[in-house]
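protein_35.csv (CSV, C-alpha atoms) appears below.
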```
chain,number,residue,atom,x,y,z
A,1,MET,CA,35.1,18.8,-4.0
A,2,SER,CA,32.8,17.2,-1.4
A,3,GLU,CA,29.9,17.4,-3.8
A,4,THR,CA,31.9,15.6,-6.5
A,5,ILE,CA,32.8,12.8,-4.0
A,6,GLN,CA,29.2,12.5,-3.0
A,7,GLN,CA,28.0,12.2,-6.6
A,8,ASP,CA,30.6,9.6,-7.2
A,9,GLU,CA,29.4,7.6,-4.2
A,10,ILE,CA,25.8,7.8,-5.4
A,11,LYS,CA,26.9,6.6,-8.9
A,12,GLN,CA,28.5,3.6,-7.3
A,13,LYS,CA,25.7,2.8,-4.9
A,14,SER,CA,22.7,3.3,-7.2
A,15,MET,CA,20.5,0.2,-7.3
A,16,LEU,CA,17.4,-0.6,-9.2
A,17,ARG,CA,15.1,-3.5,-8.3
A,18,LEU,CA,12.5,-5.1,-10.7
A,19,ILE,CA,10.0,-7.9,-10.1
A,20,PHE,CA,8.9,-10.5,-12.6
A,21,THR,CA,6.6,-13.5,-12.4
A,22,HIS,CA,8.1,-17.0,-12.2
A,23,GLU,CA,7.0,-17.8,-15.8
A,24,ASP,CA,9.0,-14.8,-17.1
A,25,GLY,CA,12.2,-16.2,-15.7
A,26,GLY,CA,12.9,-18.4,-18.7
A,27,VAL,CA,12.6,-15.4,-21.1
A,28,LEU,CA,15.0,-13.4,-18.9
A,29,ILE,CA,17.6,-16.1,-18.4
A,30,GLY,CA,17.3,-18.1,-21.6
A,31,LYS,CA,18.6,-21.6,-22.3
A,32,ASN,CA,21.8,-22.2,-20.3
A,33,GLY,CA,21.8,-18.5,-19.3
A,34,ARG,CA,22.1,-17.3,-22.9
A,35,HIS,CA,19.8,-14.3,-22.6
A,36,ILE,CA,21.1,-12.9,-19.3
A,37,THR,CA,24.7,-13.3,-20.5
A,38,LYS,CA,23.9,-11.3,-23.6
A,39,LEU,CA,22.3,-8.6,-21.5
A,40,LYS,CA,25.3,-8.4,-19.2
A,41,GLU,CA,27.7,-8.2,-22.1
A,42,SER,CA,25.7,-5.4,-23.9
A,43,THR,CA,25.6,-3.1,-20.8
A,44,SER,CA,28.0,-1.9,-18.2
A,45,ALA,CA,25.7,-2.3,-15.3
A,46,SER,CA,25.9,-5.2,-12.8
A,47,TRP,CA,23.1,-7.7,-13.1
A,48,PHE,CA,21.7,-10.2,-10.6
A,49,VAL,CA,18.7,-12.5,-11.1
A,50,SER,CA,17.3,-14.3,-8.1
A,51,ARG,CA,16.7,-18.0,-8.1
A,52,SER,CA,13.2,-19.2,-8.3
A,53,SER,CA,12.0,-22.2,-6.3
A,54,ASP,CA,8.4,-23.5,-6.0
A,55,GLY,CA,7.1,-20.9,-8.4
A,56,ALA,CA,8.4,-17.9,-6.5
A,57,ASP,CA,8.8,-14.5,-8.2
A,58,ARG,CA,12.0,-13.4,-9.9
A,59,LEU,CA,13.9,-10.3,-8.8
A,60,VAL,CA,16.3,-8.5,-11.1
A,61,VAL,CA,18.8,-6.2,-9.3
A,62,LEU,CA,20.8,-3.7,-11.3
A,63,ARG,CA,23.7,-1.7,-9.9
A,64,GLY,CA,25.6,1.2,-11.5
A,65,SER,CA,25.2,4.9,-12.2
A,66,ILE,CA,21.9,6.4,-13.3
A,67,GLU,CA,23.1,6.4,-16.9
A,68,GLU,CA,24.2,2.8,-16.7
A,69,LEU,CA,20.9,1.7,-15.1
A,70,SER,CA,18.8,3.5,-17.7
A,71,ASN,CA,20.8,1.9,-20.5
A,72,ALA,CA,20.3,-1.5,-18.9
A,73,VAL,CA,16.6,-0.9,-18.7
A,74,PHE,CA,16.6,0.0,-22.4
A,75,ALA,CA,18.4,-3.2,-23.3
A,76,LEU,CA,16.0,-5.2,-21.1
A,77,ALA,CA,12.9,-3.6,-22.7
A,78,GLN,CA,14.3,-4.3,-26.2
A,79,HIS,CA,15.0,-7.9,-25.3
A,80,LEU,CA,11.4,-8.4,-23.9
A,81,GLY,CA,10.0,-6.8,-27.1
A,82,GLU,CA,12.0,-9.2,-29.3
A,83,GLN,CA,11.0,-12.3,-27.2
A,84,ALA,CA,7.3,-11.3,-26.9
A,85,ASP,CA,6.1,-13.3,-29.8
A,86,GLN,CA,8.0,-16.4,-28.8
A,87,SER,CA,7.4,-16.4,-25.0
A,88,ARG,CA,4.6,-16.7,-22.5
A,89,LEU,CA,5.0,-13.2,-21.1
A,90,SER,CA,1.8,-11.7,-19.8
A,91,GLU,CA,2.7,-8.5,-21.6
A,92,SER,CA,2.9,-10.2,-25.0
A,93,SER,CA,-0.7,-9.1,-25.9
A,94,THR,CA,0.1,-5.4,-25.3
A,95,GLN,CA,1.8,-3.1,-27.7
A,96,PHE,CA,4.7,-2.2,-25.4
A,97,PRO,CA,6.6,-4.2,-22.8
A,98,THR,CA,5.7,-3.6,-19.1
A,99,LEU,CA,8.3,-3.3,-16.3
A,100,ARG,CA,7.6,-3.2,-12.6
A,101,PHE,CA,10.1,-1.4,-10.3
A,102,LEU,CA,10.3,-1.8,-6.6
A,103,PHE,CA,10.7,1.4,-4.5
A,104,PRO,CA,10.6,2.0,-0.8
A,105,THR,CA,7.3,3.4,0.4
A,106,LYS,CA,8.9,6.6,1.7
A,107,CYS,CA,10.0,7.4,-1.9
A,108,ILE,CA,6.5,7.1,-3.4
A,109,GLY,CA,5.6,10.7,-2.3
A,110,SER,CA,8.4,12.1,-4.4
A,111,ILE,CA,7.3,10.0,-7.4
A,112,LEU,CA,3.6,10.9,-7.2
A,113,GLY,CA,4.0,14.6,-6.4
A,114,LEU,CA,1.3,16.8,-5.0
A,115,GLY,CA,-2.0,15.3,-5.9
A,116,GLY,CA,-0.3,13.0,-8.5
A,117,ALA,CA,0.9,15.9,-10.5
A,118,ASN,CA,4.2,14.2,-11.4
A,119,ILE,CA,2.4,11.1,-12.8
A,120,ALA,CA,0.3,13.2,-15.2
A,121,LYS,CA,3.3,15.3,-16.3
A,122,ILE,CA,5.5,12.3,-17.0
A,123,ARG,CA,2.8,10.5,-19.0
A,124,ALA,CA,2.5,13.6,-21.2
A,125,ASP,CA,6.2,14.6,-21.5
A,126,LEU,CA,7.8,11.2,-21.9
A,127,ASP,CA,5.1,9.6,-24.1
A,128,VAL,CA,4.5,6.7,-21.6
A,129,SER,CA,1.4,4.6,-22.4
A,130,TRP,CA,1.0,3.5,-18.7
A,131,LEU,CA,2.4,4.6,-15.4
A,132,HIS,CA,0.8,3.4,-12.2
A,133,VAL,CA,1.9,3.2,-8.6
A,134,PHE,CA,0.3,0.4,-6.5
A,135,HIS,CA,-1.7,1.6,-3.6
A,136,ASN,CA,-0.5,-0.9,-1.0
A,137,ALA,CA,3.0,-2.1,-0.1
A,138,ILE,CA,3.9,-5.7,-0.7
A,139,PRO,CA,3.0,-7.8,2.3
A,140,PHE,CA,5.8,-8.3,4.9
A,141,SER,CA,7.9,-5.5,3.2
A,142,SER,CA,8.1,-1.7,2.9
A,143,GLU,CA,8.3,-1.7,-0.9
A,144,ARG,CA,5.6,-0.7,-3.5
A,145,ILE,CA,5.4,-1.5,-7.2
A,146,VAL,CA,5.7,1.2,-9.8
A,147,GLU,CA,4.3,-0.2,-13.1
A,148,VAL,CA,5.5,1.4,-16.4
A,149,SER,CA,4.6,0.5,-20.0
A,150,GLY,CA,5.9,2.1,-23.1
A,151,SER,CA,8.6,2.0,-25.8
A,152,GLU,CA,12.2,1.3,-25.1
A,153,ALA,CA,13.2,4.9,-25.3
A,154,SER,CA,10.3,6.0,-23.0
A,155,LEU,CA,11.2,3.3,-20.4
A,156,GLN,CA,14.8,4.5,-20.5
A,157,ALA,CA,13.7,8.1,-19.9
A,158,VAL,CA,11.3,7.1,-17.1
A,159,THR,CA,14.0,5.1,-15.3
A,160,SER,CA,16.4,8.0,-15.4
A,161,TRP,CA,13.6,10.3,-14.0
A,162,LEU,CA,12.7,7.9,-11.2
A,163,LEU,CA,16.3,7.6,-10.1
A,164,GLN,CA,16.9,11.3,-10.2
A,165,THR,CA,13.7,12.1,-8.4
A,166,THR,CA,14.4,9.7,-5.5
A,167,MET,CA,18.1,10.2,-5.1
A,168,PRO,CA,19.9,10.3,-2.7
A,169,GLU,CA,17.2,9.2,-0.2
A,170,LEU,CA,16.8,6.0,-2.3
A,171,VAL,CA,20.3,4.7,-1.4
A,172,ASP,CA,19.7,5.0,2.4
A,173,LEU,CA,16.1,3.7,2.3
A,174,GLN,CA,17.2,0.6,0.4
A,175,GLN,CA,19.7,-0.2,3.1
A,176,THR,CA,17.4,0.3,6.1
A,177,SER,CA,13.9,-0.7,4.8
A,178,THR,CA,12.4,-4.2,4.7
A,179,VAL,CA,12.8,-5.4,1.1
A,180,TYR,CA,10.5,-7.9,-0.6
A,181,CYS,CA,11.6,-11.6,-0.4
A,182,PRO,CA,10.2,-13.5,-3.4
A,183,THR,CA,7.2,-15.7,-2.7
A,184,LYS,CA,5.0,-18.0,-4.8
A,185,ASN,CA,2.6,-16.0,-6.9
A,186,GLY,CA,3.3,-12.9,-4.9
A,187,LEU,CA,3.1,-10.5,-7.9
A,188,ARG,CA,-0.1,-12.0,-9.3
A,189,GLN,CA,-1.8,-11.6,-5.9
A,190,MET,CA,-0.8,-8.0,-5.8
A,191,GLN,CA,-2.1,-7.4,-9.3
A,192,LEU,CA,-5.4,-9.1,-8.4
A,193,GLN,CA,-5.8,-6.9,-5.3
A,194,GLU,CA,-5.0,-3.8,-7.3
A,195,ARG,CA,-7.6,-4.6,-9.9
A,196,GLN,CA,-10.2,-5.3,-7.2
A,197,ARG,CA,-9.5,-2.0,-5.6
A,198,ALA,CA,-9.7,-0.2,-8.9
A,199,SER,CA,-13.1,-1.8,-9.6
A,200,CYS,CA,-14.4,-0.9,-6.1
A,201,ASP,CA,-13.3,2.7,-6.5
A,202,GLN,CA,-15.0,2.9,-9.9
A,203,HIS,CA,-18.2,1.4,-8.4
A,204,SER,CA,-18.1,3.8,-5.5
A,205,ARG,CA,-17.6,6.8,-7.8
A,206,HIS,CA,-20.5,5.6,-10.0
A,207,THR,CA,-22.8,5.1,-6.9
A,208,SER,CA,-21.9,8.5,-5.5
A,209,SER,CA,-22.6,10.2,-8.8
A,210,SER,CA,-26.0,8.4,-9.1
A,211,VAL,CA,-26.9,9.5,-5.5
A,212,VAL,CA,-26.0,13.1,-6.3
A,213,GLN,CA,-28.1,13.0,-9.5
A,214,PHE,CA,-31.0,11.4,-7.6
A,215,ASP,CA,-30.9,14.2,-5.0
A,216,LYS,CA,-30.8,16.9,-7.6
A,217,GLU,CA,-33.9,15.4,-9.4
A,218,ARG,CA,-35.7,15.0,-6.1
A,219,LEU,CA,-34.9,18.6,-5.1
A,220,SER,CA,-36.1,19.9,-8.5
A,221,ARG,CA,-39.3,18.0,-8.1
A,222,LYS,CA,-39.9,19.4,-4.7
A,223,ARG,CA,-39.3,22.9,-5.9
A,224,SER,CA,-41.6,22.5,-8.9
A,225,HIS,CA,-44.4,21.1,-6.7
A,226,SER,CA,-44.2,23.9,-4.2
A,227,SER,CA,-44.1,26.6,-6.8
A,228,LEU,CA,-47.0,25.3,-8.8
A,229,GLU,CA,-49.4,24.1,-6.1
A,230,VAL,CA,-48.7,26.5,-3.3
A,231,ASP,CA,-52.4,27.5,-3.1
A,232,SER,CA,-53.8,24.1,-3.8
A,233,TYR,CA,-54.0,23.0,-0.1
A,234,ARG,CA,-57.5,22.2,1.1
A,235,PRO,CA,-58.0,20.9,4.6
A,236,THR,CA,-59.7,17.5,4.7
A,237,ALA,CA,-61.8,15.9,7.5
A,238,VAL,CA,-58.7,14.4,9.0
A,239,HIS,CA,-56.9,17.7,9.0
A,240,ARG,CA,-60.0,19.5,10.6
A,241,ASP,CA,-60.1,16.8,13.3
A,242,ALA,CA,-56.5,17.2,14.0
A,243,ASP,CA,-56.7,21.0,14.2
A,244,ARG,CA,-59.7,20.9,16.5
A,245,LYS,CA,-58.7,21.6,20.1
A,246,ARG,CA,-59.6,19.0,22.8
A,247,PRO,CA,-61.7,20.3,25.7
A,248,ARG,CA,-59.7,21.0,28.8
A,249,ARG,CA,-60.2,18.5,31.6
A,250,SER,CA,-59.6,18.8,35.3
A,251,SER,CA,-56.9,16.0,35.1
A,252,ASP,CA,-54.8,18.4,33.0
A,253,ASN,CA,-54.1,20.6,36.0
A,254,SER,CA,-50.4,20.9,36.7
A,255,SER,CA,-50.9,20.2,40.4
A,256,THR,CA,-52.5,16.8,39.8
A,257,ARG,CA,-50.5,15.9,36.7
A,258,SER,CA,-48.1,13.0,37.3
A,259,THR,CA,-44.7,13.1,35.9
A,260,LYS,CA,-42.9,9.9,35.1
A,261,HIS,CA,-39.2,9.7,36.0
A,262,HIS,CA,-36.9,7.0,34.8
A,263,SER,CA,-34.2,5.7,37.1
A,264,PRO,CA,-30.8,5.0,35.7
A,265,SER,CA,-31.5,1.3,35.6
A,266,THR,CA,-34.8,1.7,33.8
A,267,ARG,CA,-33.8,4.5,31.5
A,268,PRO,CA,-35.0,4.0,27.9
A,269,GLU,CA,-32.6,2.3,25.6
A,270,ARG,CA,-31.9,5.3,23.4
A,271,TYR,CA,-30.6,7.2,26.4
A,272,VAL,CA,-28.3,4.5,27.7
A,273,HIS,CA,-24.7,5.5,27.5
A,274,SER,CA,-22.8,3.4,25.0
A,275,PRO,CA,-19.1,2.8,25.7
A,276,ARG,CA,-18.6,1.9,22.1
A,277,HIS,CA,-19.0,5.5,21.1
A,278,SER,CA,-17.0,7.1,23.9
A,279,TYR,CA,-13.5,8.2,23.4
A,280,THR,CA,-11.4,7.1,26.3
A,281,ASP,CA,-7.7,6.9,27.1
A,282,SER,CA,-7.7,3.2,26.2
A,283,ASN,CA,-9.0,3.9,22.7
A,284,ARG,CA,-6.5,6.6,22.2
A,285,HIS,CA,-3.7,4.2,23.4
A,286,VAL,CA,-4.9,1.5,21.0
A,287,SER,CA,-5.0,3.9,18.0
A,288,SER,CA,-1.4,5.1,18.7
A,289,GLU,CA,0.1,1.6,18.5
A,290,GLN,CA,2.0,0.5,15.5
A,291,GLN,CA,3.1,-2.8,14.1
A,292,GLU,CA,5.9,-3.8,11.7
A,293,LYS,CA,7.1,-7.1,10.4
A,294,LEU,CA,10.7,-8.1,9.5
A,295,VAL,CA,11.9,-11.1,7.6
A,296,VAL,CA,15.0,-12.8,9.0
A,297,PRO,CA,16.9,-15.9,7.9
A,298,ASP,CA,16.0,-19.1,9.8
A,299,SER,CA,19.7,-19.7,10.5
A,300,ILE,CA,19.9,-16.4,12.5
A,301,ALA,CA,16.6,-16.7,14.3
A,302,GLY,CA,18.1,-19.0,17.0
A,303,ARG,CA,20.8,-16.5,17.8
A,304,LEU,CA,18.2,-13.7,17.8
A,305,ILE,CA,16.3,-15.5,20.5
A,306,GLY,CA,19.4,-16.5,22.5
A,307,ARG,CA,19.8,-19.1,25.1
A,308,SER,CA,16.6,-19.5,27.1
A,309,GLY,CA,15.3,-16.4,25.2
A,310,ASN,CA,17.8,-14.1,26.9
A,311,HIS,CA,18.7,-12.1,23.9
A,312,LEU,CA,15.1,-11.6,22.8
A,313,SER,CA,14.1,-10.5,26.3
A,314,SER,CA,16.9,-8.0,26.3
A,315,LEU,CA,15.7,-6.5,23.1
A,316,LYS,CA,12.2,-6.2,24.6
A,317,GLU,CA,13.5,-4.5,27.7
A,318,ARG,CA,15.7,-2.1,25.8
A,319,SER,CA,13.1,-1.0,23.3
A,320,GLY,CA,9.9,-1.4,25.3
A,321,ALA,CA,8.1,-3.1,22.3
A,322,GLN,CA,6.6,-6.5,22.0
A,323,ILE,CA,8.6,-8.8,19.8
A,324,GLU,CA,7.4,-12.2,18.5
A,325,LEU,CA,8.9,-14.7,16.1
A,326,SER,CA,6.8,-16.9,13.8
A,327,PRO,CA,7.1,-20.7,14.4
A,328,ARG,CA,9.5,-22.6,12.3
A,329,VAL,CA,8.0,-24.1,9.1
A,330,PRO,CA,9.5,-27.0,7.2
A,331,ASN,CA,11.2,-26.1,3.9
A,332,MET,CA,11.0,-22.3,4.7
A,333,GLN,CA,14.3,-20.5,4.9
A,334,ASP,CA,12.9,-17.3,6.5
A,335,ARG,CA,10.9,-16.4,9.6
A,336,VAL,CA,8.8,-13.4,10.3
A,337,VAL,CA,9.5,-11.1,13.3
A,338,THR,CA,6.5,-9.1,14.4
A,339,VAL,CA,7.2,-5.9,16.4
A,340,SER,CA,4.3,-3.9,18.0
A,341,GLY,CA,4.1,-0.9,20.3
A,342,ARG,CA,4.3,2.8,20.1
A,343,PRO,CA,6.1,4.2,17.1
A,344,SER,CA,9.2,5.2,19.0
A,345,GLN,CA,9.4,1.7,20.6
A,346,VAL,CA,8.8,-0.1,17.2
A,347,SER,CA,11.5,2.1,15.6
A,348,SER,CA,14.0,1.3,18.4
A,349,ALA,CA,13.3,-2.4,18.3
A,350,CYS,CA,13.7,-2.7,14.5
A,351,LYS,CA,17.0,-0.9,14.7
A,352,LEU,CA,18.2,-3.2,17.5
A,353,ILE,CA,17.1,-6.3,15.5
A,354,ARG,CA,18.9,-5.1,12.3
A,355,ASP,CA,22.0,-4.3,14.3
A,356,SER,CA,21.9,-7.8,15.8
A,357,ILE,CA,21.5,-9.5,12.4
A,358,ARG,CA,24.4,-7.5,11.0
A,359,SER,CA,26.6,-8.6,13.9
A,360,PHE,CA,25.6,-12.2,13.5
A,361,GLU,CA,26.4,-12.1,9.8
A,362,ASP,CA,29.8,-10.5,10.5
A,363,LEU,CA,30.6,-13.3,12.9
A,364,GLU,CA,29.8,-15.9,10.2
A,365,THR,CA,32.1,-14.2,7.7
```

Rewrite the structure from the file as structure tokens, please.
Amino acid sequence: MSETIQQDEIKQKSMLRLIFTHEDGGVLIGKNGRHITKLKESTSASWFVSRSSDGADRLVVLRGSIEELSNAVFALAQHLGEQADQSRLSESSTQFPTLRFLFPTKCIGSILGLGGANIAKIRADLDVSWLHVFHNAIPFSSERIVEVSGSEASLQAVTSWLLQTTMPELVDLQQTSTVYCPTKNGLRQMQLQERQRASCDQHSRHTSSSVVQFDKERLSRKRSHSSLEVDSYRPTAVHRDADRKRPRRSSDNSSTRSTKHHSPSTRPERYVHSPRHSYTDSNRHVSSEQQEKLVVPDSIAGRLIGRSGNHLSSLKERSGAQIELSPRVPNMQDRVVTVSGRPSQVSSACKLIRDSIRSFEDLET
């Protein structure tokens, strides 16, 4: 009975987040909301499309059961395929539409599997033309992009597999993790960074293979030289002079030989102790520090600071972490809270900040 109730709760709380560029918003919404209305009517899932201002990215949030969400993705992929020839979508030049899902970073391990085994298996089993997980999380968030390209049926199957693989941890992580707030050209910058990283990795692999090949050739040349000309050595005049012993002199006596000692101040440079290479407690303390950033509405930032900074000082004392707020910027609705310290202090401070924000929002409602 309890398992049935838990499954029903998961079906009601399942949420799927997708990210699109600002230019793709017109194709998703349509004139006077015609396209999004059609998608809502054709599926039983709940649809939400974020507003885009100043060229910010679009977020599509779907809610419903796993079956409802996979059917909604099928309808979305079918719609993008129909509009590809008449729109400015970046995926219009490809054979299949491309969707980009947002998942918390802690769910990525379940998606990748051991050594990326799940990715290779899904590509083969579900006939997906492209399945890629971005290496880094989106700045100022704890979400990573999962990029999938394929037919409508394959995208539907991949969506169902992603949700089943990450459930039920996905529900809790979506409520506690820092989600991505749309920014101007945020998706395009992430794509550019991912392409640059891929090109750097390819270059490093090519360089390492070239070095290995060069070492092998040099080793083979050394072996062939030593095996063919092992008896070809003939001492020259220089060699004979070097091998000839120098006559012993009276100054070479150990009793009269002077030994040069270096004081610590005049010690040669190669023996000077370098603190840069020493491992001290301070270095160990620096390496153990952690930093996390949270995005809070500007309307709540004042309450989070408190009168004369009392509330912010209380959060610092209770958690032991350093908490700083970014300065107010005109025409910006959010502010960034930077939390730094040991992992336990950062976790405690983030929990206190989230609890404070929830209490402030409850007072407003």

| request: Could you check which of A:Ala45, A:Cys107, A:Leu363, A:Val61 is closest to A:Asp172, using all atoms listed in the file? | output: A:Cys107

| note | Computed gap from atom CA of A:Val133 to atom CA of A:Asn118 is 11.6 Å

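When atom CA of A:Glu289 is paired with atom CA of A:Ser313, their separation reads 20.1 Å.
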
| said: Applying 10 Å and only C-alpha atoms, which residues near A:Arg188 remain after dropping the ones on its own chain fewer than 5 positions away? List them as a list in words. | reply: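 Residues near the query, excluding close chain neighbours: Phe20, Thr21, Asp57, Gln193 and Glu194 of chain A.
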
Residues of stretch 126-187 of chain A that approach stretch 324-335 of chain A to 12 Å or less, counting only C-alpha atoms: could you list each one with the shortest pair of atoms and its distance in Å to one decimal, rows by chain and increasing residue number, as JSON lines?
```
{"residue": "A:Phe140", "atom": "CA", "partner": "A:Arg335", "partner_atom": "CA", "distance": 10.7}
{"residue": "A:Cys181", "atom": "CA", "partner": "A:Asp334", "partner_atom": "CA", "distance": 9.0}
{"residue": "A:Pro182", "atom": "CA", "partner": "A:Asp334", "partner_atom": "CA", "distance": 10.9}
{"residue": "A:Thr183", "atom": "CA", "partner": "A:Met332", "partner_atom": "CA", "distance": 10.6}
```

Residues of stretch 35-141 of chain A that have any atom at most 6 Å from an atom of stretch 156-160 of chain A: could you tabulate them with the shortest-distance atom pair and the distance in Å to one decimal, using all atoms listed in the file, ordered by chain and increasing number, as a Markdown table?
```
| residue | atom | partner | partner_atom | distance |
| --- | --- | --- | --- | --- |
| A:Ser70 | CA | A:Gln156 | CA | 5.0 |
| A:Val73 | CA | A:Gln156 | CA | 6.0 |
| A:Phe74 | CA | A:Gln156 | CA | 5.2 |
```

| Surrounding residues of A:Ser142 excluding itself and chain neighbours under 2 positions, 10 Å, all atoms listed in the file, as a list in words | Leu102, Phe103, Pro104, Thr105, Lys106, Asn136, Ala137, Ile138, Pro139, Phe140, Arg144, Leu173, Gln174, Ser177, Thr178, Val179, Tyr180, Glu292, Lys293 and Leu294 of chain A

| task | May I have the residues within 12 Å of A:His35 as a ChimeraX atom specification, using all atoms listed in the file and disregarding those fewer than 2 positions away in the same chain? | result | /A:25-33,37-42,49,75-76,78-80,82-83

| task | Please measure the separation of atom CA of A:Glu317 and atom CA of A:Arg303, giving the value in Å to one decimal. | result |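 Interatomic distance here is 17.2 Å.
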
| Restricting the calculation to all atoms listed in the file, which member of A:Ser141, A:Ser288, A:Ser50, A:Ser151 is positioned closest to A:Leu99? |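 Once distances to A:Leu99 are computed over all atoms listed in the file, the minimum belongs to A:Ser151.
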
| message | List the spatial neighbours of A:Val346 as a ChimeraX atom specification - criterion: any atom at most 9 Å away, all atoms listed in the file, same-chain residues fewer than 6 positions off excluded. | response | /A:289-292,319-322,339-340

| task | Could you check which of A:Ala117, A:Leu126, A:Met15, A:Val296 is closest to A:Ala72, using all atoms listed in the file? | result | A:Met15

| task | Go through A:Glu361, A:Asp355, A:Asp125, A:Glu67 one by one, measure the shortest atom-to-atom distance of each to A:Thr176 using all atoms listed in the file, and give the residue with the smallest value. | result |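 Among A:Glu361, A:Asp355, A:Asp125, A:Glu67, it is A:Asp355 that comes nearest to A:Thr176.
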
| task | Find the residue from A:Ala198, A:Ile111, A:Leu18, A:Ala77 that sits nearest to A:Thr165; use all atoms listed in the file when measuring. | result |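 Closest to A:Thr165 of all the choices is A:Ile111.
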
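Checking A:Arg17, A:Arg197, A:His135, A:Arg100 one by one against A:Ser46, counting only C-alpha atoms, you find the shortest gap at A:Arg17.
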
| request: Tell me, as an MDAnalysis selection string, which residues lie within 8 Å of A:Ser129, counting all atoms listed in the file; anything in the same chain fewer than 5 positions away does not count. | output: chainID A and resid 123 148:150

Output the selection as a PDB file, keeping the file's coordinate frame - C-alpha atoms for each residue.
```pdb
ATOM      1  CA  ARG A 123       2.800  10.500 -19.000  1.00  0.00           C
ATOM      2  CA  VAL A 148       5.500   1.400 -16.400  1.00  0.00           C
ATOM      3  CA  SER A 149       4.600   0.500 -20.000  1.00  0.00           C
ATOM      4  CA  GLY A 150       5.900   2.100 -23.100  1.00  0.00           C
TER       5      GLY A 150
END
```
